[in-house]
$ cat start_16.pdb   # PDB, C-alpha atoms and all ligand atoms
ATOM      1  CA  MET N 782      35.138 -19.254  -5.854
ATOM      2  CA  GLY N 783      31.504 -18.280  -5.453
ATOM      3  CA  ARG N 784      30.409 -16.456  -2.323
ATOM      4  CA  VAL N 785      28.471 -19.530  -1.098
ATOM      5  CA  GLU N 786      30.557 -22.153  -2.898
ATOM      6  CA  GLY N 787      29.727 -25.738  -1.896
ATOM      7  CA  LYS N 788      26.878 -24.805   0.434
ATOM      8  CA  VAL N 789      23.335 -26.202   0.261
ATOM      9  CA  ALA N 790      20.317 -23.893   0.615
ATOM     10  CA  PHE N 791      16.823 -24.998   1.690
ATOM     11  CA  ILE N 792      14.363 -22.449   0.269
ATOM     12  CA  THR N 793      10.566 -22.330   0.696
ATOM     13  CA  GLY N 794       8.360 -20.514  -1.816
ATOM     14  CA  ALA N 795      11.030 -21.137  -4.425
ATOM     15  CA  ALA N 796       8.844 -21.670  -7.513
ATOM     16  CA  ARG N 797       8.658 -18.003  -8.499
ATOM     17  CA  GLY N 798       9.143 -14.417  -7.323
ATOM     18  CA  GLN N 799      11.737 -13.661  -4.678
ATOM     19  CA  GLY N 800      12.211 -17.341  -3.776
ATOM     20  CA  ARG N 801      13.162 -18.279  -7.331
ATOM     21  CA  SER N 802      15.467 -15.283  -7.505
ATOM     22  CA  HIS N 803      17.187 -16.328  -4.240
ATOM     23  CA  ALA N 804      17.620 -19.875  -5.581
ATOM     24  CA  VAL N 805      19.195 -18.703  -8.820
ATOM     25  CA  LYS N 806      21.363 -16.070  -7.101
ATOM     26  CA  LEU N 807      22.709 -18.559  -4.539
ATOM     27  CA  ALA N 808      23.274 -21.132  -7.302
ATOM     28  CA  SER N 809      25.163 -18.570  -9.358
ATOM     29  CA  GLU N 810      27.469 -18.181  -6.345
ATOM     30  CA  GLY N 811      28.087 -21.910  -5.943
ATOM     31  CA  ALA N 812      25.229 -23.319  -3.826
ATOM     32  CA  ASP N 813      23.064 -26.375  -4.475
ATOM     33  CA  ILE N 814      19.366 -25.855  -3.816
ATOM     34  CA  ILE N 815      16.470 -27.638  -2.112
ATOM     35  CA  ALA N 816      13.473 -25.802  -3.579
ATOM     36  CA  VAL N 817      10.100 -26.196  -1.867
ATOM     37  CA  ASP N 818       6.766 -24.779  -3.008
ATOM     38  CA  LEU N 819       3.069 -25.481  -2.577
ATOM     39  CA  CYS N 820       2.408 -25.246  -6.328
ATOM     40  CA  HIS N 821      -1.345 -24.897  -5.996
ATOM     41  CA  ASN N 822      -3.784 -22.235  -4.898
ATOM     42  CA  VAL N 823      -4.986 -21.415  -1.385
ATOM     43  CA  ASP N 824      -8.794 -21.069  -1.377
ATOM     44  CA  SER N 825      -9.035 -18.011   0.869
ATOM     45  CA  ILE N 826      -6.288 -16.074  -0.921
ATOM     46  CA  THR N 827      -7.513 -13.970  -3.822
ATOM     47  CA  TYR N 828      -4.565 -14.320  -6.225
ATOM     48  CA  ALA N 829      -2.999 -17.459  -7.709
ATOM     49  CA  MET N 830      -0.012 -19.222  -6.189
ATOM     50  CA  ALA N 831       2.840 -20.713  -8.226
ATOM     51  CA  THR N 832       2.374 -23.810 -10.398
ATOM     52  CA  PRO N 833       4.382 -27.039 -10.807
ATOM     53  CA  GLU N 834       5.665 -25.545 -14.097
ATOM     54  CA  ASP N 835       6.987 -22.529 -12.182
ATOM     55  CA  LEU N 836       8.945 -24.854  -9.889
ATOM     56  CA  GLU N 837      10.329 -26.696 -12.923
ATOM     57  CA  GLU N 838      11.455 -23.368 -14.349
ATOM     58  CA  THR N 839      13.332 -22.608 -11.110
ATOM     59  CA  ALA N 840      15.037 -25.996 -11.465
ATOM     60  CA  ARG N 841      15.977 -25.227 -15.065
ATOM     61  CA  LEU N 842      17.484 -21.869 -14.077
ATOM     62  CA  VAL N 843      19.471 -23.347 -11.177
ATOM     63  CA  GLU N 844      20.809 -26.155 -13.363
ATOM     64  CA  LYS N 845      21.752 -23.556 -15.982
ATOM     65  CA  GLU N 846      24.075 -22.145 -13.306
ATOM     66  CA  GLY N 847      25.722 -25.564 -13.134
ATOM     67  CA  ARG N 848      24.334 -26.464  -9.709
ATOM     68  CA  ARG N 849      22.186 -29.315  -8.436
ATOM     69  CA  ILE N 850      18.593 -28.845  -7.295
ATOM     70  CA  VAL N 851      16.029 -30.979  -5.484
ATOM     71  CA  THR N 852      12.453 -29.782  -5.978
ATOM     72  CA  VAL N 853       9.693 -30.690  -3.542
ATOM     73  CA  GLN N 854       5.995 -29.840  -3.760
ATOM     74  CA  ALA N 855       5.022 -29.381  -0.135
ATOM     75  CA  ASP N 856       2.969 -27.164   2.153
ATOM     76  CA  VAL N 857       4.835 -25.139   4.783
ATOM     77  CA  ARG N 858       1.748 -25.328   7.010
ATOM     78  CA  ILE N 859       2.362 -29.038   7.547
ATOM     79  CA  ALA N 860       5.404 -29.720   9.730
ATOM     80  CA  GLU N 861       5.643 -33.332   8.577
ATOM     81  CA  GLN N 862       5.878 -32.223   4.941
ATOM     82  CA  MET N 863       8.684 -29.812   5.825
ATOM     83  CA  ARG N 864      10.580 -32.535   7.683
ATOM     84  CA  ALA N 865      10.154 -34.859   4.685
ATOM     85  CA  ALA N 866      11.359 -32.117   2.304
ATOM     86  CA  ALA N 867      14.459 -31.447   4.405
ATOM     87  CA  LYS N 868      15.163 -35.188   4.624
ATOM     88  CA  GLN N 869      14.776 -35.609   0.849
ATOM     89  CA  GLY N 870      17.204 -32.720   0.331
ATOM     90  CA  ILE N 871      19.686 -34.219   2.781
ATOM     91  CA  ASP N 872      19.437 -37.636   1.128
ATOM     92  CA  GLU N 873      20.259 -36.140  -2.272
ATOM     93  CA  LEU N 874      22.568 -33.222  -1.438
ATOM     94  CA  GLY N 875      24.073 -34.324   1.867
ATOM     95  CA  LYS N 876      23.592 -31.287   4.118
ATOM     96  CA  ILE N 877      21.879 -27.943   4.726
ATOM     97  CA  ASP N 878      23.935 -24.794   5.376
ATOM     98  CA  ILE N 879      21.425 -22.072   4.490
ATOM     99  CA  VAL N 880      17.705 -21.833   5.238
ATOM    100  CA  VAL N 881      15.618 -19.238   3.409
ATOM    101  CA  ALA N 882      12.138 -19.506   4.940
ATOM    102  CA  GLN N 883      10.168 -17.183   2.764
ATOM    103  CA  ALA N 884       6.980 -18.815   1.435
ATOM    104  CA  GLY N 885       4.222 -16.342   2.146
ATOM    105  CA  VAL N 886       0.805 -15.045   1.161
ATOM    106  CA  ALA N 887      -0.874 -11.647   1.316
ATOM    107  CA  GLY N 888      -4.238 -12.254   2.953
ATOM    108  CA  MET N 889      -5.699  -8.825   2.206
ATOM    109  CA  ARG N 890      -9.304  -8.977   0.980
ATOM    110  CA  GLY N 891      -9.276 -12.774   1.342
ATOM    111  CA  GLU N 892     -12.591 -14.605   1.841
ATOM    112  CA  PRO N 893     -14.013 -15.967   4.035
ATOM    113  CA  GLN N 894     -12.186 -13.445   6.181
ATOM    114  CA  VAL N 895     -11.634 -15.838   9.090
ATOM    115  CA  ALA N 896     -10.092 -18.399   6.710
ATOM    116  CA  ALA N 897      -7.896 -15.657   5.234
ATOM    117  CA  TRP N 898      -6.699 -14.841   8.755
ATOM    118  CA  SER N 899      -5.944 -18.504   9.540
ATOM    119  CA  ASP N 900      -4.272 -19.324   6.231
ATOM    120  CA  THR N 901      -2.106 -16.203   6.374
ATOM    121  CA  VAL N 902      -0.961 -16.886   9.944
ATOM    122  CA  ASP N 903      -0.480 -20.598   9.188
ATOM    123  CA  ILE N 904       1.616 -19.966   6.074
ATOM    124  CA  ASN N 905       3.578 -16.851   7.029
ATOM    125  CA  LEU N 906       4.220 -17.603  10.691
ATOM    126  CA  VAL N 907       3.675 -21.307  11.375
ATOM    127  CA  GLY N 908       5.096 -22.131   7.933
ATOM    128  CA  THR N 909       8.262 -20.166   8.632
ATOM    129  CA  ILE N 910       8.656 -21.932  11.960
ATOM    130  CA  ASN N 911       7.987 -25.342  10.377
ATOM    131  CA  ALA N 912      10.589 -24.776   7.670
ATOM    132  CA  VAL N 913      13.234 -23.592  10.126
ATOM    133  CA  GLN N 914      12.516 -26.390  12.630
ATOM    134  CA  ALA N 915      12.689 -29.013   9.871
ATOM    135  CA  ALA N 916      16.185 -27.861   8.938
ATOM    136  CA  LEU N 917      17.464 -27.206  12.489
ATOM    137  CA  PRO N 918      18.625 -30.767  13.308
ATOM    138  CA  TYR N 919      20.901 -30.698  10.256
ATOM    139  CA  LEU N 920      22.489 -27.267  10.833
ATOM    140  CA  ASN N 921      26.089 -27.010  11.975
ATOM    141  CA  GLU N 922      28.375 -24.171  13.027
ATOM    142  CA  GLY N 923      28.497 -21.576  10.243
ATOM    143  CA  ALA N 924      24.921 -22.169   9.101
ATOM    144  CA  SER N 925      22.692 -19.198   8.301
ATOM    145  CA  ILE N 926      18.910 -18.920   8.676
ATOM    146  CA  ILE N 927      17.115 -16.150   6.808
ATOM    147  CA  ALA N 928      13.382 -15.544   7.240
ATOM    148  CA  THR N 929      11.424 -13.097   5.139
ATOM    149  CA  GLY N 930       9.352 -10.583   7.042
ATOM    150  CA  SER N 931       8.051  -7.377   5.508
ATOM    151  CA  THR N 932       8.253  -3.694   6.264
ATOM    152  CA  ALA N 933       4.563  -4.200   7.113
ATOM    153  CA  ALA N 934       5.850  -5.806  10.335
ATOM    154  CA  LEU N 935       7.720  -2.658  11.285
ATOM    155  CA  MET N 936       4.930  -0.147  10.784
ATOM    156  CA  ASP N 937       2.798   0.994  13.666
ATOM    157  CA  VAL N 938      -0.440   0.346  11.807
ATOM    158  CA  SER N 939      -2.572   1.226  14.797
ATOM    159  CA  LYS N 940      -1.535   4.852  14.422
ATOM    160  CA  LYS N 941      -1.682   5.482  10.703
ATOM    161  CA  ASP N 942      -3.911   4.509   7.809
ATOM    162  CA  GLN N 943      -2.452   1.551   5.971
ATOM    163  CA  PRO N 944      -3.611  -0.570   3.056
ATOM    164  CA  GLY N 945      -5.274  -3.873   3.898
ATOM    165  CA  LYS N 946      -6.992  -3.422   7.253
ATOM    166  CA  ASP N 947      -9.363  -6.404   6.944
ATOM    167  CA  LEU N 948      -8.758  -9.718   8.788
ATOM    168  CA  GLY N 949      -6.439 -11.167   6.121
ATOM    169  CA  GLY N 950      -4.509  -7.892   5.991
ATOM    170  CA  ALA N 951      -4.242  -7.781   9.783
ATOM    171  CA  ALA N 952      -2.992 -11.388   9.731
ATOM    172  CA  TYR N 953      -0.246 -10.379   7.331
ATOM    173  CA  VAL N 954       1.053  -7.715   9.722
ATOM    174  CA  PHE N 955       0.670  -9.962  12.769
ATOM    175  CA  SER N 956       2.353 -12.957  11.152
ATOM    176  CA  LYS N 957       5.337 -10.963   9.939
ATOM    177  CA  ARG N 958       5.694  -9.219  13.297
ATOM    178  CA  ALA N 959       5.553 -12.497  15.230
ATOM    179  CA  LEU N 960       8.079 -14.040  12.856
ATOM    180  CA  THR N 961      10.571 -11.297  13.773
ATOM    181  CA  HIS N 962      10.271 -12.261  17.447
ATOM    182  CA  PHE N 963      10.737 -15.944  16.630
ATOM    183  CA  ILE N 964      13.940 -15.222  14.721
ATOM    184  CA  HIS N 965      15.215 -12.812  17.388
ATOM    185  CA  ASP N 966      14.867 -15.406  20.138
ATOM    186  CA  LEU N 967      16.143 -18.224  17.943
ATOM    187  CA  ALA N 968      19.228 -16.168  17.055
ATOM    188  CA  THR N 969      19.880 -15.593  20.755
ATOM    189  CA  HIS N 970      19.884 -19.292  21.496
ATOM    190  CA  LEU N 971      21.796 -20.375  18.382
ATOM    191  CA  ALA N 972      24.568 -17.760  18.642
ATOM    192  CA  PRO N 973      26.697 -19.823  21.078
ATOM    193  CA  ARG N 974      26.498 -22.686  18.561
ATOM    194  CA  GLY N 975      27.822 -20.455  15.777
ATOM    195  CA  ILE N 976      24.546 -20.564  13.843
ATOM    196  CA  ARG N 977      23.065 -17.272  12.695
ATOM    197  CA  ALA N 978      19.452 -16.175  12.125
ATOM    198  CA  ASN N 979      18.302 -12.910  10.553
ATOM    199  CA  VAL N 980      15.166 -11.434   9.037
ATOM    200  CA  LEU N 981      14.997  -9.791   5.629
ATOM    201  CA  HIS N 982      12.282  -7.141   5.459
ATOM    202  CA  PRO N 983      11.519  -6.151   1.875
ATOM    203  CA  THR N 984       9.258  -3.256   1.073
ATOM    204  CA  ASN N 985       6.937  -3.585  -1.962
ATOM    205  CA  CYS N 986       8.657  -6.008  -4.307
ATOM    206  CA  ASN N 987       7.849  -6.417  -7.978
ATOM    207  CA  THR N 988       6.376  -9.944  -7.889
ATOM    208  CA  ASP N 989       2.983 -11.582  -8.483
ATOM    209  CA  MET N 990       2.087 -10.868  -4.857
ATOM    210  CA  LEU N 991       2.311  -7.132  -5.421
ATOM    211  CA  GLN N 992       1.137  -7.146  -9.029
ATOM    212  CA  SER N 993      -2.306  -8.506  -8.197
ATOM    213  CA  GLU N 994      -5.733  -6.961  -8.214
ATOM    214  CA  THR N 995      -5.845  -7.596  -4.473
ATOM    215  CA  MET N 996      -2.913  -5.304  -3.863
ATOM    216  CA  TYR N 997      -4.108  -2.732  -6.370
ATOM    217  CA  LYS N 998      -7.383  -2.610  -4.484
ATOM    218  CA  SER N 999      -5.622  -2.359  -1.107
ATOM    219  CA  PHE N1000      -3.694   0.650  -2.323
ATOM    220  CA  ARG N1001      -6.623   2.151  -4.260
ATOM    221  CA  PRO N1002      -9.778   1.319  -2.246
ATOM    222  CA  ASP N1003     -11.408   4.337  -3.889
ATOM    223  CA  LEU N1004     -11.586   2.512  -7.260
ATOM    224  CA  GLU N1005     -13.762  -0.508  -8.060
ATOM    225  CA  HIS N1006     -11.322  -2.162 -10.498
ATOM    226  CA  PRO N1007      -7.956  -0.448 -10.102
ATOM    227  CA  THR N1008      -5.237  -1.316 -12.598
ATOM    228  CA  ARG N1009      -1.469  -1.452 -12.226
ATOM    229  CA  ALA N1010      -1.315   2.072 -13.662
ATOM    230  CA  ASP N1011      -3.760   3.278 -10.975
ATOM    231  CA  ALA N1012      -1.829   1.620  -8.139
ATOM    232  CA  GLU N1013       1.779   2.328  -9.090
ATOM    233  CA  PRO N1014       1.830   6.016  -8.130
ATOM    234  CA  VAL N1015       0.448   5.060  -4.699
ATOM    235  CA  PHE N1016       2.919   2.168  -4.202
ATOM    236  CA  SER N1017       5.611   4.773  -3.597
ATOM    237  CA  VAL N1018       3.934   5.866  -0.342
ATOM    238  CA  GLN N1019       5.723   2.900   1.273
ATOM    239  CA  GLN N1020       9.239   4.158   0.496
ATOM    240  CA  ALA N1021      11.208   7.336   1.237
ATOM    241  CA  MET N1022      13.151   6.952  -1.983
ATOM    242  CA  LYS N1023      11.158   7.764  -5.079
ATOM    243  CA  ILE N1024      10.412   4.201  -6.195
ATOM    244  CA  PRO N1025       7.155   2.193  -6.339
ATOM    245  CA  TYR N1026       8.900  -1.065  -5.396
ATOM    246  CA  ILE N1027      12.203  -2.905  -5.276
ATOM    247  CA  GLU N1028      13.101  -5.723  -7.696
ATOM    248  CA  VAL N1029      13.680  -9.368  -6.699
ATOM    249  CA  GLU N1030      17.444  -8.933  -7.209
ATOM    250  CA  ASP N1031      17.483  -6.333  -4.438
ATOM    251  CA  SER N1032      16.132  -8.896  -1.974
ATOM    252  CA  SER N1033      18.409 -11.621  -3.298
ATOM    253  CA  ASN N1034      21.502  -9.477  -2.843
ATOM    254  CA  MET N1035      20.677  -9.245   0.871
ATOM    255  CA  VAL N1036      19.965 -12.992   1.071
ATOM    256  CA  LEU N1037      23.322 -13.714  -0.554
ATOM    257  CA  PHE N1038      25.116 -11.451   1.928
ATOM    258  CA  LEU N1039      23.348 -13.044   4.909
ATOM    259  CA  ALA N1040      24.020 -16.546   3.547
ATOM    260  CA  SER N1041      27.707 -15.908   2.930
ATOM    261  CA  GLU N1042      30.717 -15.754   5.218
ATOM    262  CA  GLU N1043      30.811 -11.986   4.653
ATOM    263  CA  SER N1044      28.119 -11.711   7.321
ATOM    264  CA  ARG N1045      29.671 -14.285   9.656
ATOM    265  CA  TYR N1046      29.135 -12.122  12.765
ATOM    266  CA  VAL N1047      25.780 -10.683  11.710
ATOM    267  CA  THR N1048      22.928 -12.304  13.625
ATOM    268  CA  GLY N1049      19.591 -11.388  15.176
ATOM    269  CA  MET N1050      19.259  -8.509  12.728
ATOM    270  CA  GLN N1051      16.158  -7.079  11.094
ATOM    271  CA  MET N1052      17.607  -6.233   7.678
ATOM    272  CA  ARG N1053      15.462  -3.813   5.727
ATOM    273  CA  VAL N1054      15.607  -3.508   1.952
ATOM    274  CA  ASP N1055      12.976  -0.829   1.863
ATOM    275  CA  GLY N1056      14.107   2.268   0.010
ATOM    276  CA  GLY N1057      14.054   4.088   3.350
ATOM    277  CA  GLY N1058      10.424   3.180   4.054
ATOM    278  CA  TYR N1059      11.137   2.663   7.757
ATOM    279  CA  LEU N1060      12.506   6.187   8.022
ATOM    280  CA  LYS N1061       9.064   7.555   7.226
ATOM    281  CA  TRP N1062       7.631   5.898  10.323
ATOM    282  CA  TYR N1063      10.140   6.650  13.041
ATOM    283  CA  ASP N1064      11.802   9.967  13.891
ATOM    284  CA  HIS N1065      14.723   8.254  15.554
ATOM    285  CA  HIS N1066      15.850   4.780  16.389
ATOM    286  CA  LEU N1067      18.193   3.831  19.209
TER     287      LEU N1067
HETATM  288  N1  LIG Z   1       6.029  -8.772  -2.995
HETATM  289  C1  LIG Z   1       6.029  -7.923  -1.994
HETATM  290  O1  LIG Z   1       5.646  -6.740  -2.143
HETATM  291  C2  LIG Z   1       6.542  -8.340  -0.628
HETATM  292  C3  LIG Z   1       6.882  -7.340   0.303
HETATM  293  C4  LIG Z   1       7.363  -7.734   1.551
HETATM  294  C5  LIG Z   1       7.514  -9.081   1.855
HETATM  295  N2  LIG Z   1       7.181 -10.019   0.924
HETATM  296  C6  LIG Z   1       7.350 -11.429   1.297
HETATM  297  O2  LIG Z   1       8.260 -12.046   0.405
HETATM  298  C7  LIG Z   1       8.018 -13.455   0.373
HETATM  299  C8  LIG Z   1       8.004 -13.936  -1.069
HETATM  300  O3  LIG Z   1       6.889 -13.396  -1.742
HETATM  301  P1  LIG Z   1       6.938 -12.923  -3.273
HETATM  302  O4  LIG Z   1       6.926 -11.458  -3.280
HETATM  303  O5  LIG Z   1       8.031 -13.617  -3.982
HETATM  304  O6  LIG Z   1       5.490 -13.420  -3.788
HETATM  305  P2  LIG Z   1       5.045 -14.716  -4.621
HETATM  306  O7  LIG Z   1       3.579 -14.821  -4.405
HETATM  307  O8  LIG Z   1       5.542 -14.603  -6.007
HETATM  308  O9  LIG Z   1       5.838 -15.935  -3.944
HETATM  309  C9  LIG Z   1       5.375 -16.639  -2.820
HETATM  310  C10 LIG Z   1       5.612 -18.125  -3.049
HETATM  311  O10 LIG Z   1       5.213 -18.852  -1.884
HETATM  312  C11 LIG Z   1       4.528 -20.021  -2.322
HETATM  313  N3  LIG Z   1       3.644 -20.509  -1.250
HETATM  314  C12 LIG Z   1       2.494 -19.936  -0.818
HETATM  315  N4  LIG Z   1       1.929 -20.694   0.141
HETATM  316  C13 LIG Z   1       2.748 -21.755   0.337
HETATM  317  C14 LIG Z   1       2.684 -22.871   1.201
HETATM  318  N5  LIG Z   1       1.654 -23.046   2.049
HETATM  319  N6  LIG Z   1       3.695 -23.766   1.163
HETATM  320  C15 LIG Z   1       4.737 -23.608   0.290
HETATM  321  N7  LIG Z   1       4.833 -22.570  -0.565
HETATM  322  C16 LIG Z   1       3.844 -21.640  -0.543
HETATM  323  C17 LIG Z   1       3.767 -19.566  -3.549
HETATM  324  O11 LIG Z   1       3.335 -20.655  -4.371
HETATM  325  C18 LIG Z   1       4.799 -18.672  -4.226
HETATM  326  O12 LIG Z   1       5.633 -19.389  -5.088
HETATM  327  C19 LIG Z   1       6.700 -13.662   1.126
HETATM  328  O13 LIG Z   1       6.983 -14.093   2.443
HETATM  329  C20 LIG Z   1       6.103 -12.269   1.178
HETATM  330  O14 LIG Z   1       5.237 -12.079   2.271
HETATM  331  C21 LIG Z   1       6.700  -9.688  -0.307
END
$ encode --input "start_16.pdb" --output "structure tokens"
Amino acid sequence: MGRVEGKVAFITGAARGQGRSHAVKLASEGADIIAVDLCHNVDSITYAMATPEDLEETARLVEKEGRRIVTVQADVRIAEQMRAAAKQGIDELGKIDIVVAQAGVAGMRGEPQVAAWSDTVDINLVGTINAVQAALPYLNEGASIIATGSTAALMDVSKKDQPGKDLGGAAYVFSKRALTHFIHDLATHLAPRGIRANVLHPTNCNTDMLQSETMYKSFRPDLEHPTRADAEPVFSVQQAMKIPYIEVEDSSNMVLFLASEESRYVTGMQMRVDGGGYLKWYDHHL
């Protein structure tokens, strides 16, 4: 028996990166997958989004695990598209037990700056809410909602110098912080119904979002065209452990735990997979 045997997971941002990894991990443990992704670029965001071919590759990998997958090209910013995606998944797979709302963009250095602010808030915050709300009517007792925040949400950026302080960067922090409040309150109200909601907060994760010139420049504003080699030593400033970033499997292991019955009484939590990054910011935590 897999750890999520027979469950169905609705995952946004599933074409590549952490989302693809979550899809394949959950499939390897017995879940069928509804995989949603935009599959085209966002004008104000400086690095490329996933492609339709990326989403097809996720489907291939899930099917290789012997599970079924429904792929949907849709934009989390548009509530109607999320409702249609959930409905399509339900029509083909019958139910939703797990929601992984994790499509996101890093707005740092985005242009025009006001558009980068709006797109980042719309995708990371409104998009998370849209995805969760689309699935909510179908969720029953035992269901698990997992939203992806970021350790950026937990840092007190007003006090210390942090990478990405422009409008798009500020939107990233705001959107991830607001998302934590949404999930906290949602978890409170869903607990009596036996439905759980938690936030996964990864630190730097080794995906296209991190491995982009945008991020290199955010971490190395002193250089005009910083490379991965220039940025990697500075990436480790985000963690207490001596690592530049975590791998997608590290995030997926937490998603699997939160999706499975092993965490059946875990709800309303802010789960950090951050190599101790949070510890660098706070002397104590009650
Ligand atoms: N990589 C990191 O360092 C890091 C750190 C902390 C948190 N996160 C968060 O993890 C999540 C996953 O990011 P990732 O690291 O896998 O990066 P990624 O860029 O590889 O994946 C993000 C996915 O979201 C999709 N997407 C973007 N806008 C969308 C939209 N409007 N509708 C539907 N899909 C859309 C993209 O096409 C892409 O496939 C994001 O929420 C991100 O903010 C990432």
$ residues_near_ligand --input "start_16.pdb" --ligand "ligand LIG 1 (chain Z)" --cutoff "7 Å" --atoms "only C-alpha atoms and all ligand atoms" --output "PyMOL selection string"
chain N and resi 793-800+817-821+830-832+855-858+883-887+904-905+908+929-932+982-991
$ residues_near_point --input "start_16.pdb" --point "(28.3, -9.8, 14.9)" --cutoff "12 Å" --atoms "all atoms listed in the file" --output "list in words"
Ala968, Thr969, Ala972, Pro973, Gly975, Ile976, Arg977, Ala978, Asn979, Leu1039, Glu1042, Glu1043, Ser1044, Arg1045, Tyr1046, Val1047, Thr1048, Gly1049 and Met1050 of chain N
$ axis_aligned_box --input "start_16.pdb" --around "segment 947-963 of chain N" --padding-each-side "3 Å" --output "lines of an AutoDock Vina configuration file"
center_x = 0.7
center_y = -11.2
center_z = 11.7
size_x = 26.1
size_y = 15.5
size_z = 17.5
$ residues_around --input "start_16.pdb" --residues "Tyr953 of chain N" --least-positions-apart "3" --cutoff "7 Å" --atoms "only C-alpha atoms" --output "PyMOL selection string"
chain N and resi 887-888+901+949-950+956-957
$ resolve_selection --input "start_16.pdb" --expression "the PyMOL selection byres (((chain N and resi 963) around 10) and not hetatm)" --output "PyMOL selection string"
chain N and resi 906+909-910+928+957-962+964-968+978+980
$ write_last_selection --input "start_16.pdb" --atoms "C-alpha atoms" --output "PDB file, in the frame of the given file"
ATOM      1  CA  LEU N 906       4.220 -17.603  10.691  1.00  0.00           C
ATOM      2  CA  THR N 909       8.262 -20.166   8.632  1.00  0.00           C
ATOM      3  CA  ILE N 910       8.656 -21.932  11.960  1.00  0.00           C
ATOM      4  CA  ALA N 928      13.382 -15.544   7.240  1.00  0.00           C
ATOM      5  CA  LYS N 957       5.337 -10.963   9.939  1.00  0.00           C
ATOM      6  CA  ARG N 958       5.694  -9.219  13.297  1.00  0.00           C
ATOM      7  CA  ALA N 959       5.553 -12.497  15.230  1.00  0.00           C
ATOM      8  CA  LEU N 960       8.079 -14.040  12.856  1.00  0.00           C
ATOM      9  CA  THR N 961      10.571 -11.297  13.773  1.00  0.00           C
ATOM     10  CA  HIS N 962      10.271 -12.261  17.447  1.00  0.00           C
ATOM     11  CA  ILE N 964      13.940 -15.222  14.721  1.00  0.00           C
ATOM     12  CA  HIS N 965      15.215 -12.812  17.388  1.00  0.00           C
ATOM     13  CA  ASP N 966      14.867 -15.406  20.138  1.00  0.00           C
ATOM     14  CA  LEU N 967      16.143 -18.224  17.943  1.00  0.00           C
ATOM     15  CA  ALA N 968      19.228 -16.168  17.055  1.00  0.00           C
ATOM     16  CA  ALA N 978      19.452 -16.175  12.125  1.00  0.00           C
ATOM     17  CA  VAL N 980      15.166 -11.434   9.037  1.00  0.00           C
TER      18      VAL N 980
END
$ atom_distance --input "start_16.pdb" --atom1 "atom CA of Gln1019 of chain N" --atom2 "atom CA of Gly1058 of chain N"
5.5 Å
$ closest_residue --input "start_16.pdb" --among "N:Thr1008, N:Ala804, N:Lys868, N:Leu842" --to "Ala882 of chain N" --atoms "only C-alpha atoms"
N:Ala804
$ atom_distance --input "start_16.pdb" --atom1 "atom CA of Leu981 of chain N" --atom2 "atom CA of Leu935 of chain N"
11.7 Å
$ closest_residue --input "start_16.pdb" --among "N:Pro893, N:Lys946, N:Met863, N:Ile927" --to "Gln914 of chain N" --atoms "all atoms listed in the file"
N:Met863
$ resolve_selection --input "start_16.pdb" --expression "the PyMOL selection byres (((chain N and resi 1016) around 9) and not hetatm)" --output "PyMOL selection string"
chain N and resi 985+997+1000+1012-1015+1017-1020+1024-1026
$ residues_near_point --input "start_16.pdb" --point "(24.1, -30.2, -2.5)" --cutoff "7 Å" --atoms "all atoms listed in the file" --output "list in words"
Lys788, Val789, Asp813, Ile814, Arg849, Leu874, Gly875 and Lys876 of chain N
$ atom_distance --input "start_16.pdb" --atom1 "atom CA of Leu917 of chain N" --atom2 "atom CA of Ser899 of chain N"
25.1 Å
$ resolve_selection --input "start_16.pdb" --expression "the PyMOL selection byres (((chain N and resi 841) around 12) and not hetatm)" --output "VMD selection string"
chain N and resid 796 801 804 to 805 808 814 816 834 to 840 842 to 852
$ residues_around --input "start_16.pdb" --residues "Pro1007 of chain N" --least-positions-apart "6" --cutoff "8 Å" --atoms "all atoms listed in the file" --output "MDAnalysis selection string"
chainID N and resid 994 997:998 1001
